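Engineer: Sharing a structure here in structure tokens format.
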Amino acid sequence: MKLPIVAYGDPILRKKAEEIDEDYPNLKELISDMFETMYAARGVGLAAPQIGLPIRLFVIDASPFAEDDEDGEGDPALKDFKKVLINPIIIAEKGEKWGFNEGCLSIPDINEEVMRPSHVVINYLDENFEEHEVELSGLAARVVQHEYDHIEGKLFVDKLSPLKKAMLKGKLDTISKGMVHVGYKMKFPNPKKKR
Ligand code: NI
């Protein structure tokens with residue numbers, strides 16, 4: 001089942017999310033709904049707060065980047081980069097910061113270059129609650145860093161310069177009011193009232 005995606009301005013996107021355990025209700029179904037929602041919206045990651053749940057869970061599938069990255073060359077290592085991350089903890093971020101043009105399903109029609117460290121070491125539980133610790137780089141790291149921010153209540157627009165933020169303010173306001181056209185279902189915090 002496809003779920004509505006919460007838009008910029010909703011307070012849930014600003015909450016630090018809570019850990020879950022194996023008894024979390026209907027977790028399998030939730031994960032499957034999150035993948036379905038993400039694919040339908042042509043995203044490469046979706047975090048639980050974006051569908052209105054304040055829990056530390058996100059799904060990613062970076063395989064579109066296997067064919068198409070910044071250079072137009074693609075990173076074949078991402079072909080099967082599909083994961084569920086539960087209660088993740090970033091152990092370390094390292095390497096030189098690099099810029100990548102990020103977007104977010106909660107912030108449609110805005111894409112901006114964001115600087116982040118090239119490597120991330122992350123510990124997480126998969127959908128079977130098995131623990132993993134991996135080091136990621138490049139676009140794999142980038143997707144994980146972006147989604148991890150979501151469960152910490154942060155958004156990529158927070159990382160932009162004050163000038164850029166000021167320039168985007170009007171556009172962000174129109175998004176929270178629902179004055180955007182998107183190809184997927186969204187939930188807007190401040191829908192514009194009809195006269
Ligand atoms: Ni996002």
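Residues are named by chain letter and number: chains run A, B, ... in the order of the structure tokens, numbers start at 1 in each chain, and ligands are numbered from 1 in the order shown.
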Go through the chains and note each residue within 10 Å of ligand 1, using only C-alpha atoms and all ligand atoms, then give the set as a list in words.
Structural biologist: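 The residues within 10 Å of ligand 1, counting only C-alpha atoms and all ligand atoms, are Tyr8, Leu13, Gly43, Val44, Gly45, Leu46, Ala47, Pro49, Gln50, Glu102, Gly103, Cys104, Leu105, Ser106, Ile107, Pro108, Val143, Gln145, His146, Glu147, Tyr148, Asp149, His150, Lys154, Leu155, Phe156 and Val157 of chain A.
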Engineer: Give me every strand (DSSP E) residue in stretch 60-155 of chain A, going by DSSP on the backbone, as an MDAnalysis selection string.
Structural biologist: chainID A and resid 60:61 82:102 112:125 131:137
Engineer: Near A:Lys15, within 8 Å and counting only C-alpha atoms, which residues show up once chain neighbours fewer than 6 positions away are dropped, as a list in words?
Structural biologist: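 The neighbour list is Pro54, Ile151, Glu152 and Gly153 of chain A.
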Engineer: Write out the residues from the selection above, keeping C-alpha atoms, as a PDB file, in the first residue's frame.
Structural biologist:
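As written to disk, again-v6.pdb reads:
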```pdb
ATOM      1  CA  PRO A  54       8.674   8.966  14.591  1.00  0.00           C
ATOM      2  CA  ILE A 151      15.589  10.188  11.858  1.00  0.00           C
ATOM      3  CA  GLU A 152      17.584  12.882  13.680  1.00  0.00           C
ATOM      4  CA  GLY A 153      15.012  15.507  12.678  1.00  0.00           C
TER       5      GLY A 153
END
```
Engineer: Quick one: everything within 8 Å of A:Ser137, counting only C-alpha atoms, minus sequence neighbours fewer than 6 positions away in the same chain. Send it as a PyMOL selection string.
Structural biologist: chain A and resi 118-120
Engineer: From a backbone DSSP assignment, name each residue in stretch 29-170 of chain A labelled helix (DSSP H, G or I), as a PyMOL selection string.
Structural biologist: chain A and resi 29-40+48-51+64-67+76-78+138-151+156-159+162-170
Engineer: If you count only C-alpha atoms, which residues fall within 6 Å of stretch 75-92 of chain A, apart from same-chain ones fewer than 4 positions away, as number ranges by chain?
Structural biologist: A: 19, 56-63, 66, 120-127
Engineer: Could you please take those selected residues and save N, CA, C and O atoms as a compact mmCIF listing (two decimals), in the first residue's frame?
Structural biologist:
```txt
# COMPACT_ATOMS: atom_id res chain seq x y z
N GLU A 19 13.98 4.56 18.88
CA GLU A 19 14.32 3.19 18.49
C GLU A 19 13.10 2.29 18.59
O GLU A 19 12.17 2.57 19.34
N ARG A 56 13.09 5.04 14.29
CA ARG A 56 14.40 5.00 13.64
C ARG A 56 14.46 3.85 12.65
O ARG A 56 14.98 2.77 12.92
N LEU A 57 13.92 4.11 11.49
CA LEU A 57 13.84 3.12 10.42
C LEU A 57 13.89 3.85 9.09
O LEU A 57 13.20 4.86 8.92
N PHE A 58 14.74 3.37 8.18
CA PHE A 58 14.64 3.86 6.81
C PHE A 58 14.96 2.77 5.80
O PHE A 58 15.60 1.77 6.13
N VAL A 59 14.44 2.95 4.60
CA VAL A 59 14.70 2.01 3.52
C VAL A 59 15.44 2.77 2.41
O VAL A 59 15.22 3.96 2.22
N ILE A 60 16.35 2.05 1.74
CA ILE A 60 17.07 2.67 0.64
C ILE A 60 17.20 1.68 -0.52
O ILE A 60 17.22 0.46 -0.30
N ASP A 61 17.22 2.21 -1.70
CA ASP A 61 17.57 1.41 -2.87
C ASP A 61 18.25 2.35 -3.85
O ASP A 61 17.59 3.12 -4.55
N ALA A 62 19.57 2.29 -3.83
CA ALA A 62 20.36 3.24 -4.63
C ALA A 62 20.66 2.68 -6.02
O ALA A 62 21.49 3.23 -6.73
N SER A 63 19.98 1.61 -6.42
CA SER A 63 20.32 1.01 -7.71
C SER A 63 20.15 1.97 -8.91
O SER A 63 20.87 1.81 -9.89
N ALA A 66 23.36 3.15 -10.03
CA ALA A 66 24.29 2.22 -10.66
C ALA A 66 24.47 2.61 -12.13
O ALA A 66 25.51 2.36 -12.73
N VAL A 120 31.26 6.86 5.46
CA VAL A 120 30.50 6.73 6.70
C VAL A 120 30.60 5.29 7.20
O VAL A 120 30.59 4.34 6.41
N VAL A 121 30.77 5.14 8.51
CA VAL A 121 30.73 3.82 9.15
C VAL A 121 29.44 3.77 9.94
O VAL A 121 29.18 4.64 10.77
N ILE A 122 28.62 2.77 9.63
CA ILE A 122 27.30 2.71 10.25
C ILE A 122 26.99 1.32 10.79
O ILE A 122 27.33 0.31 10.17
N ASN A 123 26.39 1.32 11.96
CA ASN A 123 25.95 0.08 12.61
C ASN A 123 24.42 0.10 12.56
O ASN A 123 23.80 1.12 12.82
N TYR A 124 23.81 -1.04 12.19
CA TYR A 124 22.34 -1.06 12.08
C TYR A 124 21.81 -2.47 12.19
O TYR A 124 22.58 -3.44 12.11
N LEU A 125 20.51 -2.58 12.37
CA LEU A 125 19.83 -3.86 12.32
C LEU A 125 19.08 -3.94 11.00
O LEU A 125 18.51 -2.95 10.55
N ASP A 126 19.10 -5.14 10.39
CA ASP A 126 18.33 -5.29 9.16
C ASP A 126 16.90 -5.70 9.50
O ASP A 126 16.50 -5.73 10.67
N GLU A 127 16.11 -6.03 8.48
CA GLU A 127 14.69 -6.33 8.70
C GLU A 127 14.48 -7.57 9.56
O GLU A 127 13.40 -7.80 10.09
```
Engineer: Counting only C-alpha atoms, figure out which residue out of A:Gly95, A:Ile55, A:Lys164, A:Lys187 gets nearest to A:Leu3.
Structural biologist: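 Selected residue with least distance to A:Leu3: A:Lys187.
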Engineer: Quick check, in Å to one decimal: how far apart do atom CA of A:Asn101 and atom CA of A:Val114 lie?
Structural biologist: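 One can read the atom CA of A:Asn101 to atom CA of A:Val114 distance as 6.2 Å.
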Engineer: Within 8 Å of A:Phe100, counting only C-alpha atoms, which residues qualify if same-chain residues fewer than 5 places away don't, as a list in words?
Structural biologist: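 In the requested form, the answer reads Glu70, Glu112, Glu113, Val114 and Met115 of chain A.
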Engineer: Between A:Ala40, A:Ile110, A:Ile51, A:Leu30, single out the one closest to A:Ile175, counting only C-alpha atoms.
Structural biologist: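 Between A:Ala40, A:Ile110, A:Ile51, A:Leu30, the residue approaching A:Ile175 most closely is A:Ile110.
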